[in-house]
Structure formats: structure tokens, C-alpha cells
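*Asks:* Got a structure for you, model-v7.cif, holding mmCIF, C-alpha atoms.
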data_work
loop_
_atom_site.label_atom_id
_atom_site.label_comp_id
_atom_site.auth_asym_id
_atom_site.auth_seq_id
_atom_site.Cartn_x
_atom_site.Cartn_y
_atom_site.Cartn_z
CA MET A 1 0.00 0.00 0.00
CA ARG A 2 1.16 3.55 -0.73
CA SER A 3 2.50 5.43 2.29
CA THR A 4 0.59 8.46 3.53
CA LEU A 5 1.46 11.74 5.22
CA THR A 6 0.31 10.19 8.50
CA ASP A 7 2.76 7.30 8.08
CA ILE A 8 5.63 9.71 7.45
CA ALA A 9 4.62 11.87 10.42
CA ARG A 10 4.47 8.87 12.76
CA GLU A 11 7.87 7.51 11.72
CA ALA A 12 9.54 10.94 11.75
CA GLY A 13 8.03 11.90 15.11
CA VAL A 14 6.37 15.07 13.83
CA SER A 15 2.85 16.20 13.00
CA ALA A 16 1.13 15.58 9.69
CA ALA A 17 0.96 19.36 9.25
CA THR A 18 4.76 19.55 9.49
CA VAL A 19 5.11 16.83 6.86
CA ASP A 20 2.73 18.73 4.58
CA ARG A 21 4.77 21.94 5.02
CA VAL A 22 8.02 20.14 4.17
CA LEU A 23 6.74 18.30 1.11
CA ASN A 24 5.09 21.44 -0.26
CA ASN A 25 8.10 23.66 0.50
CA ARG A 26 6.30 25.91 2.98
CA PRO A 27 8.20 27.94 5.59
CA GLY A 28 8.22 27.40 9.36
CA VAL A 29 10.19 24.12 9.58
CA ARG A 30 13.73 23.80 10.98
CA ALA A 31 16.39 22.55 8.58
CA ARG A 32 17.11 19.37 10.59
CA THR A 33 13.40 18.53 10.85
CA ARG A 34 13.08 19.05 7.10
CA GLU A 35 15.95 16.60 6.50
CA ILE A 36 14.39 13.98 8.77
CA VAL A 37 10.99 14.26 7.06
CA LEU A 38 12.50 14.01 3.57
CA GLU A 39 14.62 11.03 4.57
CA MET A 40 11.63 9.22 6.05
CA ALA A 41 9.43 10.07 3.03
CA GLN A 42 12.07 8.53 0.79
CA ARG A 43 12.50 5.46 2.99
CA LEU A 44 8.72 4.83 2.97
CA GLY A 45 8.53 5.22 -0.80
CA TYR A 46 6.53 8.45 -0.80
CA ILE A 47 9.47 10.16 -2.50
CA ALA A 48 11.03 8.00 -5.20
CA GLU A 49 14.71 7.17 -4.98
CA GLY A 50 17.01 7.78 -7.89
CA PRO A 51 19.47 5.27 -9.42
CA ASN A 52 21.44 3.27 -6.82
CA GLY A 53 19.37 4.70 -3.99
CA ALA A 54 20.32 8.30 -4.69
CA PRO A 55 17.88 10.99 -3.60
CA PRO A 56 15.58 12.64 -6.14
CA ARG A 57 17.24 15.09 -8.52
CA ALA A 58 15.10 17.92 -7.17
CA LEU A 59 13.98 18.28 -3.57
CA PRO A 60 11.58 20.80 -2.06
CA GLY A 61 13.29 24.18 -1.95
CA GLU A 62 14.98 23.91 -5.33
CA VAL A 63 13.77 25.83 -8.37
CA ILE A 64 12.72 23.46 -11.14
CA ARG A 65 13.23 24.25 -14.84
CA LEU A 66 10.27 23.19 -17.00
CA ASP A 67 9.86 23.61 -20.76
CA PHE A 68 6.75 23.46 -22.93
CA ALA A 69 6.62 22.90 -26.70
CA LEU A 70 3.39 24.19 -28.27
CA PRO A 71 2.29 24.71 -31.88
CA ALA A 72 2.36 28.23 -33.30
CA GLY A 73 -0.37 29.62 -35.57
CA THR A 74 -3.91 30.94 -35.20
CA ASN A 75 -5.28 28.18 -32.93
CA SER A 76 -7.10 30.11 -30.18
CA PHE A 77 -7.18 27.13 -27.80
CA ILE A 78 -3.39 26.77 -27.98
CA LYS A 79 -3.00 30.50 -27.31
CA MET A 80 -5.27 30.19 -24.26
CA LEU A 81 -3.27 27.21 -22.99
CA HIS A 82 -0.07 29.21 -23.53
CA ARG A 83 -1.45 32.12 -21.49
CA HIS A 84 -2.63 29.88 -18.66
CA ILE A 85 0.75 28.15 -18.38
CA GLU A 86 2.51 31.53 -18.27
CA ALA A 87 0.09 33.01 -15.71
CA GLN A 88 0.20 30.01 -13.38
CA ALA A 89 3.98 29.73 -13.66
CA LEU A 90 4.36 33.36 -12.58
CA ALA A 91 2.60 32.46 -9.32
CA ARG A 92 5.04 29.60 -8.69
CA PRO A 93 8.41 30.84 -7.35
CA ASP A 94 9.59 27.22 -7.26
CA LEU A 95 9.40 27.01 -11.07
CA ASP A 96 11.40 28.43 -13.96
CA VAL A 97 9.10 27.87 -16.94
CA HIS A 98 9.96 28.40 -20.62
CA ILE A 99 7.56 28.02 -23.58
CA ALA A 100 8.68 27.48 -27.18
CA THR A 101 6.36 27.50 -30.20
CA ILE A 102 6.90 25.48 -33.36
CA GLU A 103 5.80 26.84 -36.70
CA GLY A 104 4.04 24.42 -39.01
CA PHE A 105 3.15 20.76 -38.60
CA ASN A 106 6.76 19.62 -38.91
CA PRO A 107 7.63 16.60 -36.72
CA ASP A 108 11.37 16.86 -37.43
CA ARG A 109 11.43 20.47 -36.23
CA LEU A 110 9.59 19.47 -33.05
CA ALA A 111 11.93 16.53 -32.53
CA ARG A 112 15.01 18.79 -32.84
CA LEU A 113 13.55 21.19 -30.27
CA LEU A 114 12.97 18.33 -27.83
CA GLN A 115 16.45 16.92 -28.42
CA ASP A 116 18.00 20.33 -27.76
CA LEU A 117 16.36 20.42 -24.33
CA ARG A 118 18.56 17.59 -23.05
CA GLY A 119 20.76 18.94 -20.30
CA GLN A 120 18.74 22.18 -20.17
CA THR A 121 15.54 21.19 -18.39
CA GLN A 122 14.05 18.82 -15.83
CA GLY A 123 10.59 18.41 -17.29
CA VAL A 124 8.81 18.90 -20.62
CA GLY A 125 5.17 19.34 -21.56
CA VAL A 126 4.37 18.89 -25.24
CA ILE A 127 1.47 18.89 -27.68
CA ALA A 128 3.16 16.35 -29.88
CA LEU A 129 2.72 15.04 -33.39
CA ASP A 130 2.59 11.24 -33.38
CA HIS A 131 5.63 10.59 -35.55
CA PRO A 132 8.71 8.30 -35.24
CA THR A 133 11.18 11.19 -34.87
CA VAL A 134 9.08 12.76 -32.10
CA ARG A 135 8.69 9.44 -30.31
CA GLU A 136 12.45 8.90 -30.39
CA ALA A 137 13.06 12.42 -29.07
CA ILE A 138 10.75 11.74 -26.11
CA ARG A 139 12.50 8.44 -25.43
CA SER A 140 15.82 10.30 -25.47
CA LEU A 141 14.55 12.85 -22.96
CA SER A 142 13.34 10.10 -20.65
CA ALA A 143 16.67 8.26 -20.94
CA ASN A 144 18.29 11.47 -19.67
CA ASP A 145 15.93 11.53 -16.63
CA ILE A 146 13.80 14.35 -18.03
CA LYS A 147 10.12 13.95 -17.15
CA VAL A 148 7.63 14.32 -20.03
CA VAL A 149 3.88 14.85 -20.15
CA THR A 150 1.79 14.96 -23.33
CA ILE A 151 -1.00 17.55 -23.41
CA ALA A 152 -4.32 17.55 -25.34
CA SER A 153 -3.08 14.88 -27.79
CA ASP A 154 -1.36 11.74 -26.58
CA ILE A 155 1.48 9.60 -27.93
CA LEU A 156 1.47 5.92 -27.04
CA HIS A 157 4.45 3.65 -26.38
CA VAL A 158 6.75 6.38 -25.09
CA PRO A 159 7.99 6.75 -21.48
CA ARG A 160 5.86 9.75 -20.55
CA VAL A 161 4.78 10.49 -16.99
CA ALA A 162 1.16 11.16 -17.98
CA TYR A 163 -1.21 12.28 -20.68
CA ILE A 164 -3.16 15.39 -19.67
CA GLY A 165 -6.34 15.98 -21.63
CA ILE A 166 -9.76 14.64 -22.51
CA ASP A 167 -10.58 11.24 -23.98
CA ASN A 168 -10.57 12.31 -27.62
CA ARG A 169 -12.26 9.18 -28.92
CA ALA A 170 -15.12 9.81 -26.48
CA ALA A 171 -15.22 13.42 -27.67
CA GLY A 172 -15.69 12.26 -31.27
CA ARG A 173 -18.45 9.87 -30.26
CA LEU A 174 -20.11 12.68 -28.31
CA ALA A 175 -20.03 14.87 -31.44
CA GLY A 176 -21.67 12.07 -33.42
CA TYR A 177 -24.35 11.66 -30.77
CA LEU A 178 -25.08 15.40 -30.82
CA LEU A 179 -25.27 15.46 -34.60
CA ASN A 180 -27.72 12.56 -34.61
CA ARG A 181 -29.92 14.43 -32.12
CA PHE A 182 -29.79 17.67 -34.13
CA MET A 183 -30.48 15.95 -37.45
CA GLY A 184 -33.10 13.48 -36.24
CA PRO A 185 -33.06 9.69 -36.62
CA GLU A 186 -34.55 9.53 -40.11
CA ARG A 187 -33.39 12.69 -41.91
CA PRO A 188 -30.81 11.86 -44.59
CA GLY A 189 -27.93 14.22 -45.09
CA LYS A 190 -24.35 14.80 -46.13
CA VAL A 191 -21.74 15.48 -43.45
CA ALA A 192 -18.23 16.93 -43.80
CA LEU A 193 -15.33 16.52 -41.39
CA PHE A 194 -12.57 19.08 -40.82
CA ALA A 195 -9.37 18.44 -38.85
CA GLY A 196 -6.23 20.37 -38.01
CA SER A 197 -3.94 17.46 -38.79
CA LEU A 198 -4.44 13.73 -38.43
CA SER A 199 -0.78 13.51 -37.40
CA TYR A 200 -2.17 14.55 -34.02
CA ARG A 201 -3.42 11.37 -32.41
CA GLY A 202 -6.12 13.40 -30.65
CA HIS A 203 -7.60 14.60 -33.96
CA GLU A 204 -7.40 11.09 -35.41
CA GLU A 205 -9.16 9.65 -32.35
CA ARG A 206 -11.96 12.23 -32.58
CA GLU A 207 -12.50 11.34 -36.23
CA MET A 208 -12.57 7.62 -35.42
CA GLY A 209 -15.07 8.07 -32.59
CA PHE A 210 -17.30 10.25 -34.78
CA ARG A 211 -17.27 7.81 -37.69
CA HIS A 212 -17.97 4.83 -35.45
CA ILE A 213 -21.06 6.26 -33.78
CA LEU A 214 -22.48 7.47 -37.11
CA THR A 215 -21.98 3.98 -38.53
CA GLU A 216 -23.66 2.43 -35.50
CA GLU A 217 -26.58 4.81 -35.05
CA SER A 218 -26.98 7.08 -38.08
CA PRO A 219 -26.94 5.11 -41.36
CA ASN A 220 -28.96 7.95 -42.88
CA LEU A 221 -25.96 10.30 -42.57
CA GLU A 222 -23.16 10.14 -45.15
CA ILE A 223 -19.66 11.54 -44.55
CA VAL A 224 -18.74 12.96 -47.95
CA GLU A 225 -15.37 14.62 -47.29
CA MET A 226 -12.54 14.90 -44.78
CA ARG A 227 -10.35 18.01 -45.02
CA GLU A 228 -7.20 18.95 -43.07
CA MET A 229 -6.73 22.67 -42.37
CA LEU A 230 -3.49 22.72 -40.32
CA ASP A 231 -5.42 24.69 -37.67
CA ASP A 232 -5.31 27.82 -39.82
CA ARG A 233 -8.48 29.92 -40.08
CA GLU A 234 -7.69 31.23 -43.59
CA LYS A 235 -7.12 27.72 -44.91
CA ALA A 236 -10.30 26.65 -43.10
CA TYR A 237 -12.18 29.43 -44.91
CA SER A 238 -10.90 28.44 -48.35
CA GLU A 239 -11.49 24.72 -47.77
CA ALA A 240 -15.01 25.33 -46.45
CA SER A 241 -15.84 27.63 -49.37
CA ALA A 242 -14.74 25.01 -51.89
CA LEU A 243 -16.60 22.30 -49.99
CA LEU A 244 -19.87 24.24 -49.99
CA ASP A 245 -19.52 24.89 -53.73
CA ARG A 246 -19.04 21.16 -54.37
CA HIS A 247 -21.87 20.10 -52.05
CA PRO A 248 -24.63 22.74 -52.00
CA ASP A 249 -26.87 20.22 -50.20
CA LEU A 250 -24.38 19.67 -47.35
CA ALA A 251 -26.31 19.30 -44.08
CA ALA A 252 -23.66 19.33 -41.33
CA ILE A 253 -20.02 20.03 -40.50
CA TYR A 254 -18.01 18.63 -37.61
CA ASN A 255 -14.72 20.44 -37.05
CA VAL A 256 -12.31 18.28 -35.08
CA GLY A 257 -9.68 21.02 -34.62
CA ALA A 258 -9.31 24.79 -34.84
CA GLY A 259 -10.37 27.19 -37.61
CA ASN A 260 -14.03 27.49 -36.62
CA THR A 261 -14.14 31.20 -37.47
CA GLY A 262 -12.89 30.49 -41.01
CA ILE A 263 -15.56 27.87 -41.59
CA ALA A 264 -18.19 30.20 -40.15
CA ARG A 265 -17.20 33.00 -42.54
CA ALA A 266 -17.75 30.69 -45.51
CA LEU A 267 -21.14 29.62 -44.14
CA LYS A 268 -22.27 33.21 -43.60
CA GLU A 269 -21.18 34.35 -47.04
CA ARG A 270 -23.35 31.63 -48.61
CA GLY A 271 -26.33 32.18 -46.33
CA ARG A 272 -25.91 28.76 -44.69
CA ALA A 273 -25.07 29.81 -41.13
CA GLN A 274 -28.55 29.11 -39.73
CA SER A 275 -29.51 26.09 -41.84
CA MET A 276 -26.30 24.07 -41.36
CA VAL A 277 -25.64 21.96 -38.28
CA PHE A 278 -22.15 23.00 -37.17
CA LEU A 279 -20.25 21.34 -34.29
CA GLY A 280 -16.77 22.26 -33.07
CA HIS A 281 -14.32 22.16 -30.20
CA GLU A 282 -13.06 24.54 -27.50
CA VAL A 283 -14.67 27.59 -25.93
CA THR A 284 -12.75 30.64 -27.15
CA ASP A 285 -13.74 34.25 -27.80
CA GLY A 286 -14.39 33.27 -31.43
CA THR A 287 -16.55 30.23 -30.70
CA LYS A 288 -18.49 32.15 -28.02
CA ASP A 289 -19.55 34.69 -30.66
CA LEU A 290 -20.51 31.91 -33.07
CA LEU A 291 -22.61 30.17 -30.42
CA LEU A 292 -24.37 33.42 -29.60
CA ASP A 293 -25.25 34.22 -33.21
CA GLY A 294 -26.39 30.66 -33.91
CA THR A 295 -23.69 29.70 -36.43
CA LEU A 296 -22.23 27.07 -34.09
CA ASP A 297 -24.77 24.70 -32.55
CA ALA A 298 -22.51 23.21 -29.88
CA VAL A 299 -18.89 23.15 -28.76
CA ILE A 300 -17.11 20.29 -27.00
CA ASP A 301 -14.70 21.84 -24.52
CA GLN A 302 -11.57 20.80 -22.64
CA ASN A 303 -10.57 23.32 -19.99
CA PRO A 304 -7.09 24.76 -20.79
CA ARG A 305 -6.82 26.28 -17.31
CA VAL A 306 -7.09 22.80 -15.78
CA GLU A 307 -4.66 21.34 -18.31
CA ALA A 308 -2.07 24.02 -17.53
CA ARG A 309 -2.45 23.46 -13.79
CA GLU A 310 -2.22 19.68 -14.05
CA ALA A 311 0.77 19.81 -16.42
CA LEU A 312 2.70 22.04 -14.01
CA ASN A 313 1.74 19.99 -10.95
CA THR A 314 2.37 16.60 -12.57
CA LEU A 315 5.81 17.60 -13.87
CA THR A 316 6.82 19.27 -10.60
CA HIS A 317 5.88 16.24 -8.52
CA ALA A 318 7.56 13.85 -10.96
CA VAL A 319 10.81 15.82 -10.89
CA ARG A 320 10.73 15.94 -7.10
CA GLY A 321 9.93 12.24 -6.91
CA LEU A 322 6.60 12.86 -5.21
CA SER A 323 3.37 11.01 -5.90
CA TYR A 324 0.53 13.06 -7.41
CA GLU A 325 -3.12 12.32 -8.11
CA LEU A 326 -3.86 13.67 -11.58
CA HIS A 327 -7.20 15.45 -12.08
CA GLN A 328 -8.07 15.32 -15.77
CA PRO A 329 -10.20 18.04 -17.43
CA ARG A 330 -13.85 17.13 -17.89
CA LEU A 331 -15.43 16.61 -21.28
CA GLN A 332 -18.15 19.26 -21.46
CA VAL A 333 -20.72 20.25 -24.09
CA ILE A 334 -21.31 23.99 -24.38
CA PHE A 335 -24.43 25.48 -25.94
CA LYS A 336 -25.57 29.09 -26.32
CA GLU A 337 -27.27 28.93 -22.93
CA ASN A 338 -24.35 27.70 -20.79
CA ILE A 339 -21.30 29.54 -22.11
CA PRO A 340 -18.72 29.70 -19.29
CA GLU A 341 -16.27 32.45 -18.46
CA ILE A 342 -12.87 31.92 -20.09
#
If you took the structure in this file and wrote it as C-alpha cells, what would it be?
*Replies:*
Amino acid sequence: MRSTLTDIAREAGVSAATVDRVLNNRPGVRARTREIVLEMAQRLGYIAEGPNGAPPRALPGEVIRLDFALPAGTNSFIKMLHRHIEAQALARPDLDVHIATIEGFNPDRLARLLQDLRGQTQGVGVIALDHPTVREAIRSLSANDIKVVTIASDILHVPRVAYIGIDNRAAGRLAGYLLNRFMGPERPGKVALFAGSLSYRGHEEREMGFRHILTEESPNLEIVEMREMLDDREKAYSEASALLDRHPDLAAIYNVGAGNTGIARALKERGRAQSMVFLGHEVTDGTKDLLLDGTLDAVIDQNPRVEAREALNTLTHAVRGLSYELHQPRLQVIFKENIPEI
């Protein structure tokens, strides 16, 4: 069984409150008492030992260097996540946080950035393309005792500490369920899918979940096209415009990634904003406006504030060798009537 604060307090001969202050780097504890508590926490397995029984690389009181690798571009959700990481890091004097952005959907460029962080950082959070060069870069970081978390889109079969984000396959199935309810069980119709890039496992999983539930429950709905927009609103606009010209009888659009405002502009120009069922992801200033004017029918949200908090906490605890109970963001459907503050 996992040791608790009470176990550490009993063995160290101090109160549970003292143990909590030590492990969370709060003031008011003598240096010798701090050493005893940390030693006992390590002996009981609450703090992980390093190779050959060495103490953790970072103990409470040390400033931890963390790095984040995020995509550049016009993706409003990514910009919100970026802002939340920065804001929360500023309130953490125990952290030295750096954020790098990568232009384009280039896995080799991302892999080089990750490789360059070896010897520079203690933990990395990344929205990562699922590609062999990126997987090898993450394995290299882990081999150098650098803790890694994936955010919003996961990568399997790499030594990451945790994935922080929603269940994207469930999100795609939820979108399919919503579409079926909006369209009705018998109404036939053509449906188009948009994605940022299917090199993101999260976008691929949303597409898979959406297709599966439509196959299971909506044989009257036909997916006619799948377009990748690289999370760029101008490309989304041009792709949506061409799509609507090719399929004037299109009934619904599900956008897996960003670029909702570009798609909406094309719909409005053709007078289709109110007649088309349009589902998207993430509550941003842009999607709030589209929900309010009726262009977007529903948005499936993952809270970037929670993801930033959990990424910082998970990495910090992993670097310090402390256990941490991860609290994943909730999958939430947002309509015009329940738009949250952002």
C-alpha cells in the first residue's frame, strides 16, 4: 500500500501538518526537521529514490526548470493554454518555466527542439505530433531523466509520466451523438469533417469516434469529405468555401480542430449559417460569438486552465519524486445557454 502523510509523520516523530509543510516547501520548519521528514518520506517510498538509492534530482526548496513545446499559428485554444501556463507559472516561485512555439506541422522540427532540451531542463510538456522522430526524441529525454507529459493529444508507447487531456475518442463519439440528435433519426444528409492534422493522435481519435457512432446509429448520414486545415483559419475558410460549392446540399459540418471562425465565414457568405448543423471544439472568444449568433450549434470543450495546472503539478511532482493524483479536465458540451467564463 502507498505510504501516507500520517505514516511519514508517525515515523519521523512530527505532526502531519509539518510533513505537509516540508513536502510542499512551505516555511516554518527547521532545517534538521526538514531533512528527517524528507529522509523518512524517501524510505517509505513516498518520495522515489534515484538510481542506486540516490535521492531525487530535485527536492523541495529547489527551483525546477520546465519547458513546454506548443504549436504556433492561429489556434485560439493553444493560445489560451499558452497564457494559462505563463500566468500560473508566474505564481510559482519554485518554477522556472519556458515556452517554445513550433511553426508548421513539422515533426522533425519538433523533434530537434525536444532533443535540444537535453541537459537544459528537468521536465517537458508537449502537444506532440505522433511521428517516429518525435517518439524517439521523447525516449531520449526520458533516458536522460527528463520527465515528459503529453498535453491535449497523446502519444502511445513512449515513457511519458502522464497524458493530460480529454478522452478524444469519447469526444468524437459525443459529437456524433449530438449530430444525430440535431439531425433526427430519419433525416438523410451529407456530413463533412474538418481536422487540423491527423498527425495529431487526438484529432485522429476524434474522427474515429465520430465515424464509429455514425456507422452504429446514423446510417442515414453520409460523410462525404474529410479536409485537413493545419489549424489555420484562412485555410479553413478556403477549404469550407470550396466544400460548400461542391456540395450545396451539405447538411452538417463537424470540425475536429481549430479554424471554426474560417468555416463560419464561408457559411455566412453563402447564407448557410442558420440552416447548417455545425459542431466544433473549444470555448474561445471566437466560438463564443458563433454560439451566440447561432452559427455554431454546440462546442465540446476541454478546460485549458485545468490542463495548464495539471501539467505544471504533474511535472513538478515527478521531478521531485513525489506522488501526485492527476485530475483530468472534464469533457463538457457547451451550448448558447451555458457559455462559461474563459
*Asks:* Quick one: distance from atom CA of Glu282 of chain A to atom CA of Ile339 of chain A in Å, one decimal?
*Replies:*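 According to the coordinates, atom CA of Glu282 of chain A and atom CA of Ile339 of chain A are separated by 11.0 Å.
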*Asks:* What does the PyMOL selection byres ((chain A and resi 255) around 9) select in this file, as a PDB file with C-alpha atoms, in the coordinates of the input?
*Replies:*
ATOM      1  CA  ALA A 192     -18.230  16.930 -43.800  1.00  0.00           C
ATOM      2  CA  LEU A 193     -15.330  16.520 -41.390  1.00  0.00           C
ATOM      3  CA  PHE A 194     -12.570  19.080 -40.820  1.00  0.00           C
ATOM      4  CA  ALA A 195      -9.370  18.440 -38.850  1.00  0.00           C
ATOM      5  CA  GLY A 196      -6.230  20.370 -38.010  1.00  0.00           C
ATOM      6  CA  ILE A 253     -20.020  20.030 -40.500  1.00  0.00           C
ATOM      7  CA  TYR A 254     -18.010  18.630 -37.610  1.00  0.00           C
ATOM      8  CA  VAL A 256     -12.310  18.280 -35.080  1.00  0.00           C
ATOM      9  CA  GLY A 257      -9.680  21.020 -34.620  1.00  0.00           C
ATOM     10  CA  ALA A 258      -9.310  24.790 -34.840  1.00  0.00           C
ATOM     11  CA  GLY A 259     -10.370  27.190 -37.610  1.00  0.00           C
ATOM     12  CA  ASN A 260     -14.030  27.490 -36.620  1.00  0.00           C
ATOM     13  CA  ILE A 263     -15.560  27.870 -41.590  1.00  0.00           C
ATOM     14  CA  PHE A 278     -22.150  23.000 -37.170  1.00  0.00           C
ATOM     15  CA  LEU A 279     -20.250  21.340 -34.290  1.00  0.00           C
ATOM     16  CA  GLY A 280     -16.770  22.260 -33.070  1.00  0.00           C
ATOM     17  CA  HIS A 281     -14.320  22.160 -30.200  1.00  0.00           C
TER      18      HIS A 281
END
*Asks:* Given only C-alpha atoms as the basis, pick out the residue of A:Ser275, A:Ser15, A:Phe182, A:Ala171 nearest to Gln332 of chain A.
*Replies:* A:Ala171
*Asks:* From the options A:His327, A:Arg320, A:Arg10, A:Arg305, which residue's atoms come nearest to His82 of chain A, counting all atoms listed in the file?
*Replies:*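 The closest residue to His82 of chain A is A:Arg305.
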*Asks:* Considering all atoms listed in the file, state which residue in the set A:Phe105, A:Phe77, A:Tyr200, A:Phe335 is at the smallest distance from Thr284 of chain A.
*Replies:*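 Distance minimum relative to Thr284 of chain A lands on A:Phe77.
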*Asks:* Would you list the contacts of segment 98-104 of chain A as a list in words, taking every protein, DNA or RNA residue within 6 Å and counting only C-alpha atoms, but skipping same-chain residues closer than 4 positions in sequence?
*Replies:*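 Close residues of segment 98-104 of chain A: Asp67, Phe68, Ala69, Leu70, Pro71 and Ala72 of chain A.
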*Asks:* Expressed in Å to a single decimal, how great is the separation between atom CA of Pro132 of chain A and atom CA of Pro107 of chain A?
*Replies:*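 Computed distance, atom CA of Pro132 of chain A to atom CA of Pro107 of chain A, equals 8.5 Å.
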*Asks:* Using all atoms listed in the file, find the one residue out of A:Asn168, A:Asn144, A:Ser218, A:Ser238 that sits nearest to Arg181 of chain A.
*Replies:*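 Closest to Arg181 of chain A of all the choices is A:Ser218.
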*Asks:* Between A:Val148, A:Ala251, A:Ala318, A:Ala308, which is the closest to Met183 of chain A once you count only C-alpha atoms?
*Replies:*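 Of the candidates, the smallest distance to Met183 of chain A is held by A:Ala251.
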*Asks:* Nearest residue to Arg118 of chain A out of A:Ile164, A:Ile85, A:Leu66, A:Leu38, using only C-alpha atoms?
*Replies:* A:Leu66
